[in-house]
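File shown here: start_19.csv, holding CSV, C-alpha atoms.
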```csv
chain,number,residue,atom,x,y,z
G,350,MET,CA,55.4,80.3,36.7
G,351,GLY,CA,56.2,76.6,37.2
G,352,LYS,CA,57.3,74.4,39.9
G,353,ASN,CA,60.2,76.4,41.4
G,354,HIS,CA,59.1,79.2,43.7
G,355,PRO,CA,58.8,82.4,41.7
G,356,LYS,CA,60.2,85.5,43.3
G,357,VAL,CA,57.3,87.3,45.2
G,358,ASP,CA,56.5,90.7,43.7
G,359,ASP,CA,58.4,93.4,45.7
G,360,TYR,CA,55.3,95.5,45.7
G,361,VAL,CA,53.4,92.7,47.4
G,362,VAL,CA,56.1,92.2,50.0
G,363,SER,CA,56.3,95.9,50.7
G,364,ARG,CA,52.6,96.2,51.0
G,365,VAL,CA,52.3,93.3,53.4
G,366,ARG,CA,55.0,94.7,55.6
G,367,ALA,CA,53.3,98.1,55.6
G,368,LEU,CA,50.0,96.6,56.6
G,369,GLU,CA,51.5,94.6,59.3
G,370,SER,CA,53.4,97.6,60.7
G,371,LEU,CA,50.2,99.7,60.7
G,372,LEU,CA,48.2,97.0,62.4
G,373,LEU,CA,50.9,96.6,65.1
G,374,GLU,CA,51.2,100.4,65.5
G,375,LYS,CA,47.5,100.8,66.0
G,376,GLY,CA,47.4,97.9,68.6
G,377,LEU,CA,45.0,95.9,66.4
G,378,LEU,CA,47.5,93.0,66.1
G,379,ALA,CA,49.6,91.6,68.9
G,380,PRO,CA,53.3,91.2,67.8
G,381,ASP,CA,53.5,87.5,68.4
G,382,ALA,CA,50.1,86.6,66.9
G,383,VAL,CA,51.1,86.3,63.3
G,384,ASP,CA,54.2,84.2,64.1
G,385,ARG,CA,52.0,81.9,66.2
G,386,VAL,CA,49.5,81.4,63.4
G,387,VAL,CA,52.2,80.7,60.9
G,388,ARG,CA,54.0,78.3,63.2
G,389,ARG,CA,50.8,76.5,64.0
G,390,TYR,CA,50.1,75.8,60.4
G,391,GLU,CA,53.7,75.1,59.4
G,392,ALA,CA,54.4,72.8,62.3
G,393,SER,CA,51.3,70.9,63.0
G,394,THR,CA,49.7,70.6,59.6
G,395,GLY,CA,50.8,69.8,56.2
G,396,PRO,CA,49.9,67.8,53.1
G,397,MET,CA,50.8,64.6,54.9
G,398,ILE,CA,47.3,64.8,56.4
G,399,GLY,CA,45.5,64.9,53.0
G,400,ALA,CA,47.9,62.3,51.8
G,401,ARG,CA,47.0,59.9,54.6
G,402,ALA,CA,43.3,60.4,53.9
G,403,VAL,CA,43.8,59.6,50.2
G,404,ALA,CA,46.0,56.6,50.9
G,405,ARG,CA,43.4,55.2,53.2
G,406,ALA,CA,40.7,55.8,50.6
G,407,TRP,CA,42.7,53.9,48.0
G,408,ARG,CA,43.0,50.9,50.3
G,409,ASP,CA,39.5,50.9,51.8
G,410,ALA,CA,36.5,51.3,49.6
G,411,ALA,CA,34.2,52.2,52.5
G,412,TYR,CA,36.6,55.0,53.6
G,413,ARG,CA,36.8,56.2,50.1
G,414,ALA,CA,33.0,56.6,49.9
G,415,ARG,CA,33.1,58.3,53.3
G,416,LEU,CA,35.8,60.8,52.3
G,417,LEU,CA,33.9,61.7,49.1
G,418,GLN,CA,30.4,61.9,50.7
G,419,GLN,CA,31.1,62.9,54.3
G,420,PRO,CA,34.5,64.5,54.4
G,421,THR,CA,34.1,66.1,57.8
G,422,ALA,CA,33.4,62.7,59.4
G,423,ALA,CA,36.1,61.0,57.4
G,424,LEU,CA,38.7,63.6,58.6
G,425,ALA,CA,37.4,63.1,62.2
G,426,ASP,CA,38.3,59.4,61.8
G,427,LEU,CA,41.9,60.6,61.4
G,428,GLY,CA,41.6,62.9,64.4
G,429,VAL,CA,41.3,66.0,62.2
G,430,ARG,CA,38.6,68.6,63.0
G,431,TYR,CA,37.8,70.4,59.8
G,432,ASP,CA,34.3,71.0,58.5
G,433,ARG,CA,34.7,72.7,55.2
G,434,LEU,CA,36.6,70.3,52.9
G,435,VAL,CA,35.1,69.0,49.7
G,436,VAL,CA,37.1,66.1,48.0
G,437,VAL,CA,36.9,65.8,44.3
G,438,GLU,CA,37.9,62.5,42.6
G,439,ASN,CA,40.1,62.1,39.6
G,440,THR,CA,38.9,59.4,37.2
G,441,PRO,CA,39.9,58.3,33.7
G,442,ALA,CA,37.2,60.6,32.5
G,443,VAL,CA,37.9,63.7,34.6
G,444,HIS,CA,40.9,65.6,35.9
G,445,ASN,CA,40.3,68.1,38.7
G,446,LEU,CA,42.3,71.2,39.5
G,447,VAL,CA,41.9,73.6,42.5
G,448,VAL,CA,42.4,77.4,42.6
G,449,CYS,CA,41.2,80.5,44.4
G,450,THR,CA,41.0,83.3,41.8
G,451,LEU,CA,39.8,85.9,44.3
G,452,CYS,CA,42.6,85.5,46.8
G,453,SER,CA,44.4,82.3,47.8
G,454,CYS,CA,42.0,80.2,49.8
G,455,TYR,CA,43.5,76.8,50.5
G,456,PRO,CA,42.7,73.9,52.8
G,457,TRP,CA,45.3,74.7,55.4
G,458,ASP,CA,44.1,72.2,57.9
G,459,VAL,CA,44.7,69.2,55.7
G,460,MET,CA,47.4,70.5,53.3
G,461,GLY,CA,49.4,73.1,55.4
G,462,LEU,CA,50.4,76.4,53.8
G,463,PRO,CA,50.0,76.9,50.1
G,464,PRO,CA,52.9,77.1,47.7
G,465,THR,CA,53.9,80.6,46.5
G,466,TRP,CA,52.9,79.9,42.9
G,467,TYR,CA,49.4,79.0,44.0
G,468,LYS,CA,49.0,82.6,45.4
G,469,ALA,CA,50.4,84.3,42.4
G,470,PRO,CA,48.2,86.2,39.9
G,471,ALA,CA,49.4,84.1,37.0
G,472,TYR,CA,48.1,80.8,38.4
G,473,ARG,CA,45.0,82.3,39.8
G,474,SER,CA,43.9,83.8,36.5
G,475,ARG,CA,45.1,81.1,34.1
G,476,ALA,CA,43.9,78.0,36.1
G,477,VAL,CA,40.3,78.9,35.3
G,478,SER,CA,40.9,80.2,31.8
G,479,GLU,CA,43.5,77.8,30.3
G,480,PRO,CA,44.0,74.9,32.8
G,481,ARG,CA,45.3,72.4,30.2
G,482,ALA,CA,48.1,74.9,29.3
G,483,VAL,CA,48.9,75.5,32.9
G,484,LEU,CA,49.0,71.8,33.7
G,485,ALA,CA,51.3,71.2,30.7
G,486,GLU,CA,53.7,73.7,32.2
G,487,PHE,CA,53.7,71.7,35.4
G,488,GLY,CA,54.6,68.6,33.3
G,489,LEU,CA,51.1,67.1,33.3
G,490,VAL,CA,49.5,66.6,29.9
G,491,VAL,CA,45.7,65.8,30.1
G,492,PRO,CA,44.5,64.0,27.0
G,493,GLN,CA,41.8,65.8,25.1
G,494,GLU,CA,39.3,63.0,25.8
G,495,ARG,CA,39.5,63.7,29.5
G,496,GLU,CA,37.4,66.6,31.0
G,497,VAL,CA,39.1,69.2,33.1
G,498,HIS,CA,37.1,70.4,36.1
G,499,VAL,CA,38.5,73.5,37.8
G,500,TRP,CA,37.2,74.3,41.3
G,501,ASP,CA,37.4,78.0,42.2
G,502,SER,CA,37.3,78.2,46.0
G,503,SER,CA,35.2,81.4,46.0
G,504,ALA,CA,33.3,80.8,49.2
G,505,GLU,CA,33.9,78.9,52.5
G,506,LEU,CA,34.5,75.4,51.1
G,507,ARG,CA,38.0,74.2,50.5
G,508,TYR,CA,38.8,71.7,47.9
G,509,MET,CA,41.2,68.8,47.7
G,510,VAL,CA,41.8,66.4,44.8
G,511,MET,CA,41.8,62.7,45.3
G,512,PRO,CA,44.3,61.6,42.6
G,513,MET,CA,44.1,58.2,40.9
G,514,LEU,CA,45.9,55.3,42.2
G,515,PRO,CA,49.0,54.9,40.1
G,516,PRO,CA,49.5,51.6,38.2
G,517,GLY,CA,51.7,49.0,39.9
G,518,ALA,CA,50.7,50.1,43.4
G,519,GLN,CA,49.2,46.9,44.6
G,520,ASP,CA,52.1,45.8,46.8
G,521,LEU,CA,52.6,49.1,48.6
G,522,SER,CA,51.3,49.6,52.2
G,523,GLU,CA,49.1,52.5,53.0
G,524,ASP,CA,52.1,54.4,54.6
G,525,GLU,CA,54.2,53.9,51.5
G,526,LEU,CA,51.4,55.1,49.3
G,527,ALA,CA,50.9,58.2,51.5
G,528,SER,CA,54.5,59.1,51.2
G,529,ARG,CA,54.1,59.2,47.4
G,530,ILE,CA,51.2,61.7,47.5
G,531,THR,CA,52.5,65.2,47.1
G,532,ARG,CA,50.7,68.5,47.7
G,533,GLU,CA,50.9,69.1,44.0
G,534,ALA,CA,48.8,66.0,43.4
G,535,LEU,CA,46.3,67.2,46.0
G,536,ILE,CA,46.0,70.6,44.3
G,537,GLY,CA,45.7,68.8,40.9
G,538,VAL,CA,48.8,70.0,39.1
G,539,ALA,CA,50.5,66.6,39.3
G,540,GLU,CA,49.5,62.9,39.3
G,541,VAL,CA,50.9,60.4,41.8
G,542,THR,CA,53.8,58.3,40.4
G,543,LEU,CA,55.8,55.4,41.8
G,544,PRO,CA,59.5,55.2,41.5
G,545,ALA,CA,60.6,53.0,38.6
G,546,ARG,CA,61.4,49.5,39.7
G,547,ALA,CA,65.0,48.5,39.3
G,548,GLY,CA,65.2,46.1,36.3
P,1498,MET,CA,38.0,95.8,70.3
P,1499,ARG,CA,39.3,92.3,70.5
P,1500,VAL,CA,42.9,91.8,69.6
P,1501,LEU,CA,44.3,88.4,68.8
P,1502,LYS,CA,47.3,87.6,71.1
P,1503,GLY,CA,49.8,85.0,70.4
P,1504,ALA,CA,48.9,83.0,73.5
P,1505,ASP,CA,45.2,82.8,72.3
P,1506,VAL,CA,46.0,81.6,68.8
P,1507,GLU,CA,45.6,77.9,69.4
P,1508,GLN,CA,42.3,78.2,71.3
P,1509,VAL,CA,40.8,80.7,68.8
P,1510,ILE,CA,41.6,78.5,65.8
P,1511,ARG,CA,40.2,75.4,67.6
P,1512,LYS,CA,37.0,77.2,68.4
P,1513,SER,CA,36.6,79.0,65.1
P,1514,GLY,CA,33.1,78.4,63.8
P,1515,GLY,CA,33.8,79.7,60.4
P,1516,ALA,CA,31.0,81.2,58.3
P,1517,ARG,CA,28.6,78.2,58.3
P,1518,VAL,CA,25.3,79.0,59.9
P,1519,HIS,CA,23.4,76.2,61.4
P,1520,VAL,CA,19.8,77.2,60.5
P,1521,GLU,CA,17.2,75.5,58.3
P,1522,LEU,CA,16.5,77.8,55.4
P,1523,PRO,CA,14.6,76.9,52.2
P,1524,ALA,CA,16.9,76.6,49.3
P,1525,LYS,CA,15.9,78.4,46.1
P,1526,PHE,CA,17.8,76.0,43.9
P,1527,LYS,CA,18.7,72.4,43.7
P,1528,ALA,CA,21.2,70.3,41.7
P,1529,GLY,CA,20.5,70.4,38.0
P,1530,ASP,CA,18.8,73.8,38.0
P,1531,ARG,CA,19.9,76.2,35.3
P,1532,VAL,CA,21.0,79.6,36.7
P,1533,VAL,CA,22.5,82.8,35.6
P,1534,ALA,CA,24.9,84.8,37.7
P,1535,ARG,CA,23.7,88.4,38.2
P,1536,ASN,CA,25.5,91.2,36.6
P,1537,LEU,CA,26.3,92.9,39.9
P,1538,HIS,CA,29.1,95.5,40.3
P,1539,PRO,CA,28.9,96.5,43.9
P,1540,LEU,CA,31.3,99.2,45.2
P,1541,GLY,CA,32.0,97.2,48.3
P,1542,HIS,CA,33.1,93.7,49.1
P,1543,THR,CA,31.7,90.8,47.0
P,1544,ARG,CA,32.8,87.2,46.2
P,1545,LEU,CA,31.1,87.1,42.8
P,1546,PRO,CA,34.1,87.0,40.3
P,1547,ARG,CA,33.9,89.3,37.3
P,1548,TYR,CA,34.4,86.4,34.9
P,1549,ALA,CA,31.1,84.8,36.0
P,1550,ARG,CA,28.8,87.9,36.0
P,1551,GLY,CA,25.9,87.4,33.6
P,1552,ARG,CA,27.1,83.9,32.7
P,1553,ARG,CA,24.8,80.8,32.7
P,1554,GLY,CA,25.6,77.7,34.6
P,1555,VAL,CA,24.0,74.6,36.3
P,1556,ILE,CA,23.7,74.0,40.0
P,1557,ASP,CA,26.1,71.1,40.9
P,1558,ARG,CA,25.4,70.9,44.6
P,1559,ASP,CA,24.1,72.8,47.6
P,1560,HIS,CA,26.8,73.4,50.2
P,1561,GLY,CA,24.4,74.6,52.9
P,1562,VAL,CA,23.9,77.9,54.6
P,1563,PHE,CA,26.6,80.5,55.2
P,1564,ILE,CA,27.0,84.1,56.2
P,1565,PHE,CA,26.7,86.4,53.2
P,1566,PRO,CA,30.0,88.3,52.9
P,1567,ASP,CA,28.7,91.3,50.8
P,1568,THR,CA,26.5,92.5,53.7
P,1569,HIS,CA,28.6,91.1,56.6
P,1570,ALA,CA,31.7,92.9,55.4
P,1571,ALA,CA,29.8,96.2,55.2
P,1572,GLY,CA,28.3,95.7,58.7
P,1573,THR,CA,24.8,95.5,57.3
P,1574,GLY,CA,24.0,92.0,58.5
P,1575,GLN,CA,24.8,88.3,58.1
P,1576,LYS,CA,21.9,87.6,55.8
P,1577,PRO,CA,22.6,83.8,55.9
P,1578,GLN,CA,21.7,81.9,52.7
P,1579,HIS,CA,22.5,78.8,50.7
P,1580,VAL,CA,25.8,78.6,48.8
P,1581,TYR,CA,25.9,76.4,45.7
P,1582,ALA,CA,28.7,75.0,43.5
P,1583,VAL,CA,27.7,76.1,40.0
P,1584,ARG,CA,29.1,74.5,37.0
P,1585,PHE,CA,30.0,76.7,34.0
P,1586,ASP,CA,31.1,75.4,30.6
P,1587,ALA,CA,34.4,77.1,29.6
P,1588,ARG,CA,32.9,78.2,26.3
P,1589,GLU,CA,30.3,80.1,28.2
P,1590,LEU,CA,33.0,81.9,30.2
P,1591,TRP,CA,35.7,82.4,27.6
P,1592,GLY,CA,34.1,82.0,24.2
P,1593,GLU,CA,34.4,79.5,21.4
P,1594,ALA,CA,38.2,79.4,21.6
P,1595,ALA,CA,38.1,78.0,25.1
P,1596,GLU,CA,39.9,74.7,25.8
P,1597,PRO,CA,37.7,71.8,25.0
P,1598,ARG,CA,35.9,69.7,27.6
P,1599,GLN,CA,36.6,72.2,30.4
P,1600,PHE,CA,34.3,73.3,33.2
P,1601,VAL,CA,34.7,75.7,36.0
P,1602,TYR,CA,32.9,75.0,39.3
P,1603,LEU,CA,32.4,78.2,41.2
P,1604,ASP,CA,30.8,78.5,44.7
P,1605,LEU,CA,28.2,81.2,44.7
P,1606,TRP,CA,25.8,82.6,47.3
P,1607,GLU,CA,22.1,82.5,46.4
P,1608,SER,CA,21.9,86.3,46.2
P,1609,TYR,CA,24.2,86.1,43.2
P,1610,LEU,CA,21.9,83.9,41.2
P,1611,ASP,CA,18.7,84.1,39.1
P,1612,PRO,CA,16.9,81.1,37.5
P,1613,ALA,CA,17.9,80.9,33.8
```
If you convert what's in this file into structure tokens, what do you get?
Amino acid sequence: MGKNHPKVDDYVVSRVRALESLLLEKGLLAPDAVDRVVRRYEASTGPMIGARAVARAWRDAAYRARLLQQPTAALADLGVRYDRLVVVENTPAVHNLVVCTLCSCYPWDVMGLPPTWYKAPAYRSRAVSEPRAVLAEFGLVVPQEREVHVWDSSAELRYMVMPMLPPGAQDLSEDELASRITREALIGVAEVTLPARAG
Amino acid sequence: MRVLKGADVEQVIRKSGGARVHVELPAKFKAGDRVVARNLHPLGHTRLPRYARGRRGVIDRDHGVFIFPDTHAAGTGQKPQHVYAVRFDARELWGEAAEPRQFVYLDLWESYLDPA
């Protein structure tokens, strides 16, 4: 597992191709539909949307409260129509992690398409059973005193982590902050860091 | 039989209502209630993970009313009901060797839950 894209199981690839062929053959799927859906989510959405929301929340206490308590309205403020997001807040006491053990549910509309490792059985099973070990493999060590909350997206709600504002961020603009927020931080397998200042 | 065509993708996605049902239904549970996930092993579709069956947790929040996938997928009705985020202590799920101070929050339909 880990940060680099693992090779997708040949069995999974073959099975997906077989299913797609069958659906096309039976006329249940139009040939260009899958491409259009993928392109729509690849081109017009991505983690920059979630990053913008988090950066604004960091800079604006009222927006922060809105994003946590009324996420649909908060996203609408950014021109995004998405009614099933729940935002969970990292604090010094709690670190949050998101997974879908049953399949690979992911908040596409605010985070784009999920990374391959997120969809792999290893992450899906271990994130709920040994999250600290998984996080350590991603390079994130959560101290024992902090609780780890794992959100399993088993129903229609989709989860996004609001990471903590990194130390030393006071001088950065909202845009600069947004550019530092990765999808890994929004999933919960990384924290947001700032580049080291030149001495 | 409706087939999704490439040209319709954008419009269908925009209009997609998802599984939320906008009806007022009484909620059987509220935040703070202790519950136990039923030990169900249906042959067909379900969204109750094996690791939670028979396990005790606490209602964290009520997400509102949604279509029930177990019956909807089988063509036996939408059976809209409340869905709750239920908090499980890792030790309840994985035993005493579980990582310390770990909790799993799982979204569960009301039909999966009994009061504990």
For this session: Go ahead and find all residues with at least one atom no further than 10 Å from (37.4, 72.3, 66.7) in the file's coordinates, using all atoms listed in the file; report them as a PyMOL selection string.
Result: (chain G and resi 429-432) or (chain P and resi 1508-1514)
Dump as an mmCIF file, in the frame of the given file, selection limited to C-alpha atoms:
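result.cif was written with the following content:
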```cif
data_model
loop_
_atom_site.group_PDB
_atom_site.id
_atom_site.type_symbol
_atom_site.label_atom_id
_atom_site.label_comp_id
_atom_site.auth_asym_id
_atom_site.auth_seq_id
_atom_site.Cartn_x
_atom_site.Cartn_y
_atom_site.Cartn_z
ATOM 1 C CA VAL G 429 41.300 66.000 62.200
ATOM 2 C CA ARG G 430 38.600 68.600 63.000
ATOM 3 C CA TYR G 431 37.800 70.400 59.800
ATOM 4 C CA ASP G 432 34.300 71.000 58.500
ATOM 5 C CA GLN P 1508 42.300 78.200 71.300
ATOM 6 C CA VAL P 1509 40.800 80.700 68.800
ATOM 7 C CA ILE P 1510 41.600 78.500 65.800
ATOM 8 C CA ARG P 1511 40.200 75.400 67.600
ATOM 9 C CA LYS P 1512 37.000 77.200 68.400
ATOM 10 C CA SER P 1513 36.600 79.000 65.100
ATOM 11 C CA GLY P 1514 33.100 78.400 63.800
#
```
For this session: Counting only C-alpha atoms, collect the residues of chain G whose closest atom lies at most 10 Å from chain P, and write them out as a PyMOL selection string.
Result: chain G and resi 376-386+389+430-433+435+443-447+449-452+474+476-482+493-506
Problem set entry | Interatomic distance (Å, one decimal) between atom CA of G:Glu540 and atom CA of G:Val436 | 15.5 Å
For this session: Would you please work out which residue, of G:Pro420, G:Val357, G:Met513, G:Cys454, is nearest to G:Ala469 when using all atoms listed in the file?
Result: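 Of all the options, G:Val357 lies closest to G:Ala469.
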For this session: Just give me the gap between atom CA of G:Gly537 and atom CA of P:Val1562 in Å, one decimal is fine.
Result: 27.3 Å
For this session: Calculate how many Å separate atom CA of G:Pro515 from atom CA of G:Tyr472, rounding to one decimal.
Result: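 Interatomic distance, atom CA of G:Pro515 to atom CA of G:Tyr472: 26.0 Å.
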If we count all atoms listed in the file, what is near G:Ala545 at a cut-off of 12 Å, once residues fewer than 4 positions away on the same chain are taken out, given as an mmCIF file with C-alpha atoms, in the frame of the given file?
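Dumped to result.cif:
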```
data_model
loop_
_atom_site.group_PDB
_atom_site.id
_atom_site.type_symbol
_atom_site.label_atom_id
_atom_site.label_comp_id
_atom_site.auth_asym_id
_atom_site.auth_seq_id
_atom_site.Cartn_x
_atom_site.Cartn_y
_atom_site.Cartn_z
ATOM 1 C CA PRO G 515 49.000 54.900 40.100
ATOM 2 C CA PRO G 516 49.500 51.600 38.200
ATOM 3 C CA GLY G 517 51.700 49.000 39.900
ATOM 4 C CA ALA G 518 50.700 50.100 43.400
#
```
For this session: Between G:Val491, G:Ala402, G:Pro544, G:Leu521, single out the one closest to G:Met509, counting all atoms listed in the file.
Result: G:Ala402
Long-range neighbours of P:Asp1611 as a compact mmCIF listing (two decimals) with C-alpha atoms, in the coordinates of the input, 8 Å cut-off, only C-alpha atoms, 5 positions minimum in chain:
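Below is the file part_12.txt, written as the result:
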```txt
# COMPACT_ATOMS: atom_id res chain seq x y z
CA VAL P 1532 21.00 79.60 36.70
CA VAL P 1533 22.50 82.80 35.60
CA ALA P 1534 24.90 84.80 37.70
CA ARG P 1535 23.70 88.40 38.20
```
Exercise. Do you know which residues are at most 10 Å from G:Glu525 counting only C-alpha atoms, after dropping those on the same chain fewer than 5 positions away, and could you put them as a ChimeraX atom specification?
Worked result: /G:401,404,518,520,530,543
